[in-house]
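Shown next: start.cif, given as mmCIF, C-alpha atoms and all ligand atoms.
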```
data_final
loop_
_atom_site.label_atom_id
_atom_site.label_comp_id
_atom_site.auth_asym_id
_atom_site.auth_seq_id
_atom_site.Cartn_x
_atom_site.Cartn_y
_atom_site.Cartn_z
CA MET A 9 3.37 60.09 -193.25
CA TYR A 10 -0.08 59.96 -191.64
CA LYS A 11 -2.62 57.36 -192.68
CA ILE A 12 -6.00 59.10 -192.65
CA THR A 13 -9.46 57.84 -193.54
CA LEU A 14 -10.94 60.14 -196.17
CA ILE A 15 -14.71 60.26 -196.70
CA PRO A 16 -15.59 62.72 -199.49
CA GLY A 17 -19.32 62.37 -198.71
CA ASP A 18 -22.22 63.62 -200.84
CA GLY A 19 -23.34 66.76 -202.69
CA ILE A 20 -20.60 69.39 -202.50
CA GLY A 21 -18.46 66.96 -200.43
CA PRO A 22 -16.28 65.58 -203.27
CA ASP A 23 -15.48 69.10 -204.65
CA LEU A 24 -14.56 70.33 -201.17
CA THR A 25 -12.55 67.21 -200.38
CA ARG A 26 -10.44 67.53 -203.54
CA ALA A 27 -9.69 71.17 -202.70
CA THR A 28 -8.90 70.40 -199.06
CA VAL A 29 -6.60 67.49 -199.88
CA ARG A 30 -4.66 69.70 -202.33
CA VAL A 31 -4.21 72.42 -199.69
CA LEU A 32 -3.25 70.03 -196.86
CA GLU A 33 -0.72 68.25 -199.06
CA ALA A 34 0.84 71.61 -199.94
CA SER A 35 1.34 72.37 -196.22
CA GLY A 36 4.44 70.16 -196.13
CA VAL A 37 2.86 67.27 -194.19
CA GLU A 38 2.62 63.88 -195.93
CA PHE A 39 -0.59 61.90 -195.93
CA ASP A 40 -1.59 58.42 -197.01
CA TRP A 41 -5.33 58.82 -197.61
CA GLU A 42 -7.55 55.75 -197.33
CA GLU A 43 -10.67 56.76 -199.25
CA VAL A 44 -13.98 55.17 -198.25
CA ILE A 45 -17.63 56.01 -198.82
CA GLY A 46 -20.57 56.98 -196.62
CA GLY A 47 -23.98 58.60 -196.94
CA GLU A 48 -26.19 58.62 -200.03
CA ILE A 49 -23.45 57.48 -202.41
CA ALA A 50 -22.75 54.49 -200.15
CA LEU A 51 -26.45 53.70 -200.05
CA GLN A 52 -26.56 53.62 -203.86
CA LYS A 53 -23.40 51.52 -204.17
CA THR A 54 -23.74 49.11 -201.25
CA GLY A 55 -27.30 49.44 -199.91
CA ASP A 56 -25.89 50.76 -196.62
CA VAL A 57 -25.38 54.43 -195.69
CA LEU A 58 -22.56 53.48 -193.35
CA PRO A 59 -20.74 50.42 -194.74
CA GLU A 60 -18.77 48.25 -192.32
CA GLU A 61 -15.58 48.92 -194.35
CA THR A 62 -15.92 52.66 -193.63
CA LEU A 63 -16.31 52.10 -189.90
CA GLU A 64 -13.41 49.64 -189.86
CA SER A 65 -11.17 52.12 -191.69
CA ILE A 66 -11.86 54.86 -189.11
CA LYS A 67 -11.34 52.44 -186.21
CA ARG A 68 -8.03 51.30 -187.73
CA ASN A 69 -6.61 54.75 -188.64
CA LYS A 70 -8.15 56.57 -185.64
CA ILE A 71 -8.42 59.80 -187.64
CA ALA A 72 -10.83 60.70 -190.45
CA LEU A 73 -11.38 63.76 -192.58
CA LYS A 74 -14.92 63.81 -193.89
CA GLY A 75 -17.08 65.82 -196.20
CA PRO A 76 -20.77 66.28 -195.46
CA MET A 77 -23.09 63.32 -195.98
CA THR A 78 -26.71 63.50 -197.07
CA THR A 79 -29.22 61.81 -194.82
CA PRO A 80 -31.80 60.29 -197.20
CA VAL A 81 -35.26 61.59 -196.37
CA GLY A 82 -37.70 58.88 -195.37
CA GLU A 83 -38.43 56.49 -192.59
CA GLY A 84 -35.73 54.16 -191.41
CA PHE A 85 -32.77 56.48 -192.03
CA ARG A 86 -31.17 58.03 -189.02
CA SER A 87 -28.54 60.66 -189.79
CA VAL A 88 -25.31 58.97 -190.87
CA ASN A 89 -23.37 61.68 -189.08
CA VAL A 90 -25.23 61.21 -185.82
CA ALA A 91 -24.85 57.42 -186.12
CA LEU A 92 -21.10 57.71 -186.76
CA ARG A 93 -20.61 59.88 -183.69
CA GLN A 94 -22.63 57.51 -181.51
CA ILE A 95 -21.11 54.23 -182.79
CA LEU A 96 -17.53 55.51 -182.40
CA ASN A 97 -18.39 57.26 -179.12
CA LEU A 98 -17.06 60.59 -180.40
CA TYR A 99 -18.53 62.39 -177.44
CA VAL A 100 -17.12 65.88 -178.10
CA ASN A 101 -18.21 68.06 -180.97
CA LEU A 102 -15.69 70.89 -180.99
CA ARG A 103 -16.57 73.94 -183.08
CA PRO A 104 -14.44 77.08 -183.10
CA PHE A 105 -15.96 80.24 -184.59
CA LYS A 106 -13.45 82.93 -185.42
CA THR A 107 -13.82 86.03 -187.57
CA ILE A 108 -11.73 86.00 -190.75
CA LYS A 109 -11.03 89.48 -192.10
CA GLY A 110 -12.61 90.03 -195.51
CA ILE A 111 -15.66 87.80 -195.04
CA PRO A 112 -18.78 89.71 -196.05
CA ASN A 113 -22.00 89.80 -193.98
CA THR A 114 -20.41 89.59 -190.57
CA PHE A 115 -21.96 91.55 -187.75
CA PHE A 116 -18.83 91.80 -185.59
CA ASP A 117 -15.18 91.88 -186.53
CA ASN A 118 -13.66 90.07 -183.56
CA ILE A 119 -15.68 86.93 -182.82
CA ASP A 120 -13.68 84.20 -181.12
CA LEU A 121 -16.02 81.60 -179.64
CA VAL A 122 -15.72 77.85 -179.15
CA ILE A 123 -18.74 75.59 -178.79
CA VAL A 124 -18.19 72.26 -177.05
CA ARG A 125 -21.29 70.25 -177.86
CA GLU A 126 -22.18 66.90 -176.26
CA ASN A 127 -22.38 64.51 -179.16
CA THR A 128 -23.93 61.22 -178.06
CA GLU A 129 -27.23 61.72 -176.26
CA ASP A 130 -30.03 64.24 -175.53
CA LEU A 131 -32.87 64.29 -178.09
CA TYR A 132 -30.46 62.74 -180.63
CA SER A 133 -30.48 59.33 -178.90
CA GLY A 134 -32.99 58.20 -181.53
CA ILE A 135 -35.34 56.74 -178.92
CA GLU A 136 -38.66 57.84 -180.34
CA HIS A 137 -41.98 56.47 -181.51
CA MET A 138 -45.38 57.48 -182.78
CA ILE A 139 -48.51 56.99 -180.71
CA GLY A 140 -50.81 56.21 -183.62
CA ASP A 141 -50.88 59.37 -185.69
CA TYR A 142 -51.96 61.38 -182.68
CA ALA A 143 -48.63 62.06 -181.04
CA GLY A 144 -44.90 61.65 -181.48
CA GLU A 145 -42.68 60.94 -178.52
CA SER A 146 -38.92 61.57 -178.64
CA ILE A 147 -37.01 60.83 -175.48
CA LYS A 148 -34.45 63.32 -174.19
CA ILE A 149 -31.76 61.48 -172.28
CA ILE A 150 -29.07 63.28 -170.32
CA THR A 151 -26.81 61.11 -168.16
CA ARG A 152 -24.39 61.99 -165.40
CA PRO A 153 -21.32 60.34 -167.03
CA ALA A 154 -21.87 62.00 -170.42
CA SER A 155 -22.49 65.40 -168.80
CA GLU A 156 -19.44 65.03 -166.60
CA ARG A 157 -17.05 64.11 -169.41
CA ILE A 158 -18.22 66.90 -171.75
CA VAL A 159 -17.99 69.61 -169.08
CA ARG A 160 -14.59 68.28 -168.00
CA TYR A 161 -13.44 68.37 -171.64
CA ALA A 162 -14.63 72.00 -172.00
CA LEU A 163 -12.85 73.10 -168.81
CA GLU A 164 -9.61 71.31 -169.71
CA TYR A 165 -9.76 72.64 -173.28
CA ALA A 166 -10.26 76.16 -171.88
CA ILE A 167 -7.26 75.83 -169.56
CA GLN A 168 -4.97 74.29 -172.19
CA ASN A 169 -5.90 76.89 -174.79
CA LYS A 170 -5.63 79.82 -172.36
CA ARG A 171 -9.28 80.78 -172.77
CA ARG A 172 -10.94 83.04 -170.24
CA LYS A 173 -14.17 81.31 -169.17
CA VAL A 174 -16.61 78.46 -169.70
CA THR A 175 -20.37 78.96 -169.93
CA ALA A 176 -22.71 75.97 -169.55
CA VAL A 177 -25.99 76.28 -171.45
CA HIS A 178 -29.24 74.61 -170.34
CA LYS A 179 -32.97 75.02 -169.80
CA ALA A 180 -32.94 73.69 -166.24
CA ASN A 181 -35.60 76.16 -165.10
CA ILE A 182 -38.22 74.26 -167.12
CA ILE A 183 -36.72 70.86 -167.97
CA LYS A 184 -35.79 70.01 -164.44
CA CYS A 185 -34.76 66.36 -164.70
CA SER A 186 -32.51 66.15 -167.77
CA ASP A 187 -31.25 69.74 -168.03
CA GLY A 188 -31.37 70.02 -164.24
CA LEU A 189 -28.94 67.09 -164.00
CA PHE A 190 -26.67 68.59 -166.67
CA LEU A 191 -26.44 71.86 -164.75
CA LYS A 192 -25.91 70.17 -161.38
CA VAL A 193 -23.10 68.01 -162.79
CA ALA A 194 -21.57 71.00 -164.63
CA ARG A 195 -21.41 73.00 -161.40
CA GLU A 196 -19.89 70.05 -159.51
CA VAL A 197 -17.19 69.49 -162.16
CA ALA A 198 -16.43 73.23 -162.40
CA GLU A 199 -15.63 73.29 -158.67
CA GLU A 200 -12.65 71.04 -159.44
CA TYR A 201 -11.23 73.76 -161.72
CA PRO A 202 -11.12 76.91 -159.57
CA GLN A 203 -8.54 78.44 -161.93
CA MET A 204 -11.15 78.74 -164.73
CA GLU A 205 -14.11 81.10 -164.54
CA PHE A 206 -17.39 79.23 -164.90
CA GLU A 207 -20.98 80.39 -165.29
CA ASP A 208 -24.25 79.12 -166.72
CA ARG A 209 -26.94 80.59 -168.95
CA ILE A 210 -30.46 79.57 -169.94
CA VAL A 211 -30.43 78.69 -173.64
CA ASP A 212 -33.00 81.21 -174.92
CA ASN A 213 -31.26 84.07 -173.13
CA MET A 214 -27.94 82.73 -174.44
CA ALA A 215 -29.22 82.86 -178.04
CA MET A 216 -30.12 86.52 -177.66
CA GLN A 217 -26.90 87.44 -175.86
CA LEU A 218 -24.73 85.70 -178.48
CA VAL A 219 -26.36 87.85 -181.15
CA GLN A 220 -26.08 91.10 -179.20
CA LYS A 221 -22.90 90.69 -177.13
CA PRO A 222 -20.86 87.73 -178.35
CA ASP A 223 -17.71 89.16 -176.77
CA LEU A 224 -19.16 88.32 -173.34
CA TYR A 225 -18.62 84.63 -174.12
CA ASP A 226 -15.65 82.42 -174.79
CA VAL A 227 -15.99 78.61 -174.43
CA VAL A 228 -19.61 77.42 -174.40
CA VAL A 229 -20.50 73.88 -173.32
CA ALA A 230 -23.94 72.53 -174.12
CA PRO A 231 -26.04 69.38 -174.45
CA ASN A 232 -26.45 68.09 -178.00
CA LEU A 233 -29.53 69.99 -179.27
CA TYR A 234 -28.66 73.41 -177.83
CA GLY A 235 -25.08 72.97 -179.05
CA ASP A 236 -26.33 72.17 -182.54
CA ILE A 237 -28.58 75.22 -182.76
CA LEU A 238 -26.15 77.66 -181.15
CA SER A 239 -23.43 76.41 -183.54
CA ASP A 240 -25.40 77.54 -186.59
CA LEU A 241 -26.14 80.83 -184.85
CA CYS A 242 -22.40 81.34 -184.31
CA ALA A 243 -21.68 80.31 -187.92
CA GLY A 244 -24.10 83.09 -188.90
CA LEU A 245 -22.16 85.55 -186.76
CA ILE A 246 -18.89 84.86 -188.59
CA GLY A 247 -20.39 84.99 -192.07
CA GLY A 248 -22.10 81.68 -192.77
CA LEU A 249 -21.85 77.92 -192.85
CA GLY A 250 -19.20 77.89 -195.57
CA ILE A 251 -16.49 78.90 -193.10
CA ALA A 252 -17.31 76.99 -189.88
CA PRO A 253 -15.10 73.95 -189.13
CA GLY A 254 -15.59 71.17 -186.61
CA ALA A 255 -14.18 68.05 -185.01
CA ASN A 256 -15.75 65.02 -183.35
CA ILE A 257 -13.46 63.70 -180.66
CA GLY A 258 -13.56 60.50 -178.61
CA LYS A 259 -11.06 58.71 -176.36
CA ASP A 260 -8.75 57.65 -179.17
CA ILE A 261 -10.61 58.45 -182.42
CA ALA A 262 -11.30 61.85 -183.99
CA THR A 263 -13.09 62.88 -187.17
CA PHE A 264 -12.83 66.33 -188.72
CA GLU A 265 -15.66 67.82 -190.78
CA PRO A 266 -17.28 71.13 -191.68
CA VAL A 267 -20.38 72.20 -189.72
CA HIS A 268 -22.41 72.55 -192.93
CA GLY A 269 -24.24 69.83 -194.85
CA SER A 270 -24.01 68.53 -198.42
CA ALA A 271 -25.83 71.51 -200.07
CA PRO A 272 -27.09 69.24 -202.90
CA LYS A 273 -28.05 72.14 -205.17
CA TYR A 274 -24.35 72.97 -205.62
CA ALA A 275 -23.21 69.35 -206.09
CA ASP A 276 -20.47 68.86 -208.73
CA LEU A 277 -20.59 72.53 -209.81
CA ASN A 278 -17.19 73.29 -208.23
CA VAL A 279 -18.61 76.49 -206.68
CA ALA A 280 -18.99 75.79 -202.95
CA ASN A 281 -16.68 77.34 -200.40
CA PRO A 282 -14.08 74.85 -199.11
CA THR A 283 -13.00 77.08 -196.18
CA ALA A 284 -14.93 75.12 -193.52
CA MET A 285 -13.45 71.84 -194.68
CA ILE A 286 -9.93 73.30 -195.04
CA LEU A 287 -10.20 74.72 -191.51
CA SER A 288 -11.39 71.30 -190.31
CA GLY A 289 -8.17 70.01 -191.90
CA VAL A 290 -6.25 72.67 -189.94
CA MET A 291 -7.87 71.33 -186.75
CA MET A 292 -6.69 67.88 -187.83
CA LEU A 293 -3.13 69.19 -188.34
CA ARG A 294 -3.18 70.60 -184.79
CA HIS A 295 -4.55 67.27 -183.49
CA LEU A 296 -1.51 65.66 -185.17
CA ASP A 297 0.75 68.23 -183.48
CA GLU A 298 1.66 69.73 -186.88
CA GLU A 299 1.40 73.32 -185.63
CA GLU A 300 3.75 74.80 -188.22
CA ALA A 301 1.75 73.39 -191.13
CA ALA A 302 -1.50 74.47 -189.45
CA VAL A 303 -0.26 78.06 -189.17
CA ARG A 304 0.94 77.97 -192.81
CA VAL A 305 -2.52 76.98 -194.08
CA ASP A 306 -4.32 79.36 -191.70
CA LYS A 307 -2.24 82.35 -192.82
CA ALA A 308 -2.55 81.57 -196.54
CA LEU A 309 -6.32 81.19 -196.19
CA GLU A 310 -6.62 84.47 -194.31
CA LYS A 311 -4.48 86.21 -196.94
CA VAL A 312 -6.60 84.99 -199.87
CA ILE A 313 -9.88 85.84 -198.13
CA GLY A 314 -8.50 89.20 -196.97
CA GLU A 315 -7.49 90.14 -200.52
CA GLY A 316 -10.96 89.09 -201.74
CA LYS A 317 -9.79 88.57 -205.35
CA THR A 318 -9.99 84.78 -205.69
CA VAL A 319 -12.89 83.82 -203.44
CA THR A 320 -16.03 81.75 -203.98
CA ARG A 321 -19.51 83.10 -204.73
CA ASP A 322 -20.75 83.04 -201.13
CA LEU A 323 -17.86 85.41 -200.28
CA GLY A 324 -18.79 87.78 -203.07
CA GLY A 325 -16.32 86.44 -205.63
CA THR A 326 -16.47 84.36 -208.79
CA ALA A 327 -13.72 81.78 -208.16
CA LYS A 328 -14.40 78.08 -208.48
CA THR A 329 -13.75 75.85 -205.47
CA SER A 330 -10.57 74.55 -207.12
CA GLU A 331 -9.33 78.06 -208.07
CA PHE A 332 -9.79 79.22 -204.49
CA ALA A 333 -7.74 76.21 -203.29
CA GLU A 334 -4.97 76.95 -205.81
CA ALA A 335 -4.85 80.59 -204.65
CA ILE A 336 -4.38 79.38 -201.05
CA ILE A 337 -1.55 77.10 -202.13
CA ALA A 338 0.10 79.96 -204.05
CA ALA A 339 -0.16 82.17 -200.95
CA MET A 340 1.60 79.66 -198.67
CA GLU A 341 4.94 80.73 -197.25
P1 LIG B 1 -26.53 72.62 -195.84
O1 LIG B 1 -25.52 73.06 -194.85
O2 LIG B 1 -26.14 71.51 -196.74
O3 LIG B 1 -26.92 73.84 -196.79
C1 LIG B 1 -27.64 74.98 -196.40
C2 LIG B 1 -27.23 76.15 -197.31
O4 LIG B 1 -26.02 76.71 -196.81
C3 LIG B 1 -26.91 75.74 -198.74
O5 LIG B 1 -28.04 75.72 -199.55
C4 LIG B 1 -25.93 76.80 -199.15
O6 LIG B 1 -26.62 77.96 -199.54
C5 LIG B 1 -25.19 77.10 -197.87
N1 LIG B 1 -23.91 76.38 -197.77
C6 LIG B 1 -23.63 75.30 -196.99
N2 LIG B 1 -22.36 74.93 -197.15
C7 LIG B 1 -21.81 75.78 -198.04
C8 LIG B 1 -20.50 75.90 -198.61
N3 LIG B 1 -19.49 75.09 -198.29
N4 LIG B 1 -20.29 76.86 -199.54
C9 LIG B 1 -21.27 77.71 -199.89
N5 LIG B 1 -22.53 77.65 -199.36
C10 LIG B 1 -22.79 76.69 -198.45
O7 LIG B 1 -27.86 72.23 -195.02
P2 LIG B 1 -29.18 71.46 -195.47
O8 LIG B 1 -29.61 71.94 -196.80
O9 LIG B 1 -30.09 71.58 -194.30
O10 LIG B 1 -28.76 69.92 -195.56
C11 LIG B 1 -28.46 69.23 -196.78
C12 LIG B 1 -28.07 67.79 -196.44
O11 LIG B 1 -26.88 67.79 -195.64
C13 LIG B 1 -29.12 67.02 -195.63
O12 LIG B 1 -29.22 65.70 -196.14
C14 LIG B 1 -28.55 66.97 -194.23
O13 LIG B 1 -28.96 65.82 -193.52
C15 LIG B 1 -27.07 66.93 -194.51
N6 LIG B 1 -26.23 67.45 -193.41
C16 LIG B 1 -25.05 66.80 -193.20
C17 LIG B 1 -24.18 67.26 -192.24
C18 LIG B 1 -22.88 66.54 -192.03
O14 LIG B 1 -22.51 65.73 -192.88
N7 LIG B 1 -22.15 66.76 -190.96
C19 LIG B 1 -24.48 68.42 -191.49
C20 LIG B 1 -25.68 69.10 -191.77
C21 LIG B 1 -26.56 68.61 -192.74
#
```
Write the structure described by the file as C-alpha cells, please.
Amino acid sequence: MYKITLIPGDGIGPDLTRATVRVLEASGVEFDWEEVIGGEIALQKTGDVLPEETLESIKRNKIALKGPMTTPVGEGFRSVNVALRQILNLYVNLRPFKTIKGIPNTFFDNIDLVIVRENTEDLYSGIEHMIGDYAGESIKIITRPASERIVRYALEYAIQNKRRKVTAVHKANIIKCSDGLFLKVAREVAEEYPQMEFEDRIVDNMAMQLVQKPDLYDVVVAPNLYGDILSDLCAGLIGGLGIAPGANIGKDIATFEPVHGSAPKYADLNVANPTAMILSGVMMLRHLDEEEAAVRVDKALEKVIGEGKTVTRDLGGTAKTSEFAEAIIAAME
C-alpha cells in the first residue's frame, strides 16, 4: 500500500483526478491517498494558494499525484506550480511524448521524444521588477550546478532507458552568459558519458526541426523556458495537451502531473480528457517500480483509444471523462 499525496487541483482537475484514481486502483496496486488542496480552491478556502499542510503532506509522503492548478491572474500571485517545484527543489521536469495509435490530428505516427526540462531557474526565478511603467526587467539566471545536474540527469536517463542520443537546446550564440554557460557545462558533462551520443541545437532551429523531422531527436535537455515551450510543441505533435504526461523529480520527492492546465471552461462538465493525468499516474507506477501495473494501464488505454468508440470530445468521441475511465478499466487484462 503506497501513501500518496493527492491534489485534485482546479478547473478540470477534480474530474480528471477521480477518473485517474479509479484507473490506478484497478491496476492491482493499492494506494492510501492523502487528499490536500492547492491553487484557486485553496485560495478561496484558506487564503493561501499553497497551504503549509499541502507542502507538509508532499514532504512526508515524498510522492504526489496532482491535477492542474489555476494561477489567479493579478499581481502578487506567482504560479503555484512553479512555486511548488522551486520550494521542493524538484529540479527535473520529465515529459515523454509518444504517439498513441488512434489519436486524431497527429502529424506523424511514430513520435517518441522525451523532454528533460530544468525546473528551478532561468526566467522562472521570479526575480523581476518594473522600472516605473517604462520598462520591465526579468532576470534570467542559469547556474553551473543546476545546469550540471539537469544535463547529468538527461544523460543517465538516456542510458538507463536505452535511448539513442541527448540533444542540449540553447541560444548561446546570442545570450552568451547564461545560455553560454549552460552549453559549456552540458558539453563538459557529456564528455563523462562517451557511451551516449550528445549534440546541441539552437532553440529556434530546434523548434523548426522538431516540427519537420522529429525522428532526428530522442532525449532533449533544455533550460526552463525553452523546455516549457518545446514541450507544448511536442504535445501538439502527438495530438494535443490532453494526452501529454509529466513528472517533477527532485532528490527524494517526485510529483506527477499532466502538462496541461486547468482548462476552466470545461470545469465540472466531466468532458475533459484524462489521458495525460492517467499517463502521469503510469509514470508514478514506474517510479514505484510497479512495472506490471504500468503496462496493464498503458495497454488498456491504448486499446480504448485505438478502438475510438469510448473516447472524449477532443479525440473525436462523445464519452464523458468518467465513461472513458470505465472503458479503460474494462479493457484491463
Ligand atoms: P490549459 O492547458 O488549461 O488549456 C488550454 C486548452 O487546451 C483548453 O482550453 C482546452 O481546449 C485544451 N485542453 C487542456 N487540457 C485538456 C484536457 N485534459 N482535455 C481536453 N482539452 C484540454 O491552458 P491555459 O488555458 O493557458 O491555462 C489555464 C490555467 O491553468 C491557468 O490558470 C494556468 O496558470 C494554469 N496552468 C496550470 C498548469 C499546471 O497546473 N501544471 C499548467 C499550465 C497552466
Could you produce a table of the residues of range 51-97 of chain A lying within 10 Å of range 290-302 of chain A, with the nearest pair of atoms per residue and their separation in Å rounded to one decimal, using only C-alpha atoms, ordered by chain and increasing residue number, as a Markdown table?
```
| residue | atom | partner | partner_atom | distance |
| --- | --- | --- | --- | --- |
| A:Ile71 | CA | A:Met292 | CA | 8.3 |
| A:Ala72 | CA | A:Met292 | CA | 8.7 |
| A:Leu73 | CA | A:Met292 | CA | 7.8 |
```
Could those residues be written to a file, using C-alpha atoms, as a compact mmCIF listing (two decimals), keeping the file's coordinate frame?
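Contents of again.txt, freshly written:
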```txt
# COMPACT_ATOMS: atom_id res chain seq x y z
CA ILE A 71 -8.42 59.80 -187.64
CA ALA A 72 -10.83 60.70 -190.45
CA LEU A 73 -11.38 63.76 -192.58
```
(request) Produce as a ChimeraX atom specification the set of residues near ligand LIG 1 (chain B), where near means within 6 Å with only C-alpha atoms and all ligand atoms considered. (result) /A:76-79,89,249-250,267-271,280-282,322
(request) Please measure the separation of CA of Ala154 in chain A and CA of Lys192 in chain A, giving the value in Å to one decimal. (result)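 Pair CA of Ala154 in chain A / CA of Lys192 in chain A returns 12.8 Å.
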(message) Please report the interatomic distance between CA of Ile336 in chain A and CA of Asn118 in chain A in Å with one decimal.
(response)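 Computing it gives 22.5 Å between the two atoms.
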(request) Identify which of the residues A:Asp226, A:Asp187, A:Asp306, A:Asp212 lies closest to Val124 in chain A, counting all atoms listed in the file when measuring atom-to-atom distances. (result)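 Counting all atoms listed in the file, the residue closest to Val124 in chain A is A:Asp226.
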(request) Using all atoms listed in the file, pick whichever of A:Asp208, A:Glu129, A:Asp223, A:Glu196 has the shortest atom-to-atom distance to Ile147 in chain A. (result) A:Glu129
(request) Pick out the closest residue to Ile12 in chain A from this set: A:Glu126, A:Asp40, A:Glu33, A:Glu61. Count all atoms listed in the file. (result)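 Of the candidates, the smallest distance to Ile12 in chain A is held by A:Asp40.
Using all atoms listed in the file, the shortest contact distance between Glu64 in chain A and any of A:Met9, A:Ile182, A:Val44, A:Leu131 is found at A:Val44.
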(message) So the first atom is CA of Val319 in chain A and the second is CA of Phe105 in chain A; what is the distance between them in Å, to one decimal place?
(response)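 Between these atoms lies a distance of 19.4 Å.
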(message) Using all atoms listed in the file, can you tell me which of A:Pro202, A:Gly258, A:Pro231, A:Gly75 comes closest to Tyr99 in chain A?
(response)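 Among the listed residues, the smallest separation from Tyr99 in chain A belongs to A:Gly258.
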(message) Counting all atoms listed in the file, which residue out of A:Asp18, A:Asp23, A:Glu331, A:Glu310 sits closest to Glu48 in chain A?
(response) A:Asp18
(message) Residues near Ile313 in chain A, anyone? I mean within 7 Å using only C-alpha atoms, not counting same-chain ones fewer than 4 positions away, as a ChimeraX atom specification.
(response) /A:110-111,309,319
(request) Fewer than 4 positions away in the same chain doesn't count, so skip those; otherwise give me all residues within 8 Å of Ser239 in chain A, counting all atoms listed in the file, as a VMD selection string. (result) chain A and resid 103 123 235 243
(request) Could you give me, as a list in words, the residues that sit within 6 Å of (-12.2, 81.8, -203.6) in the file's coordinates, counting all atoms listed in the file? (result) Thr318, Val319, Thr320, Ala327 and Phe332 of chain A
Extract, using only C-alpha atoms, all DNA, RNA and protein residues at most 7 Å from Phe206 in chain A, discarding same-chain residues fewer than 4 positions from it, and format them as a PDB file with C-alpha atoms, keeping the file's coordinate frame.
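selection.pdb written:
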```
ATOM      1  CA  LYS A 173     -14.170  81.310-169.170  1.00  0.00           C
ATOM      2  CA  VAL A 174     -16.610  78.460-169.700  1.00  0.00           C
ATOM      3  CA  THR A 175     -20.370  78.960-169.930  1.00  0.00           C
ATOM      4  CA  ALA A 198     -16.430  73.230-162.400  1.00  0.00           C
TER       5      ALA A 198
END
```
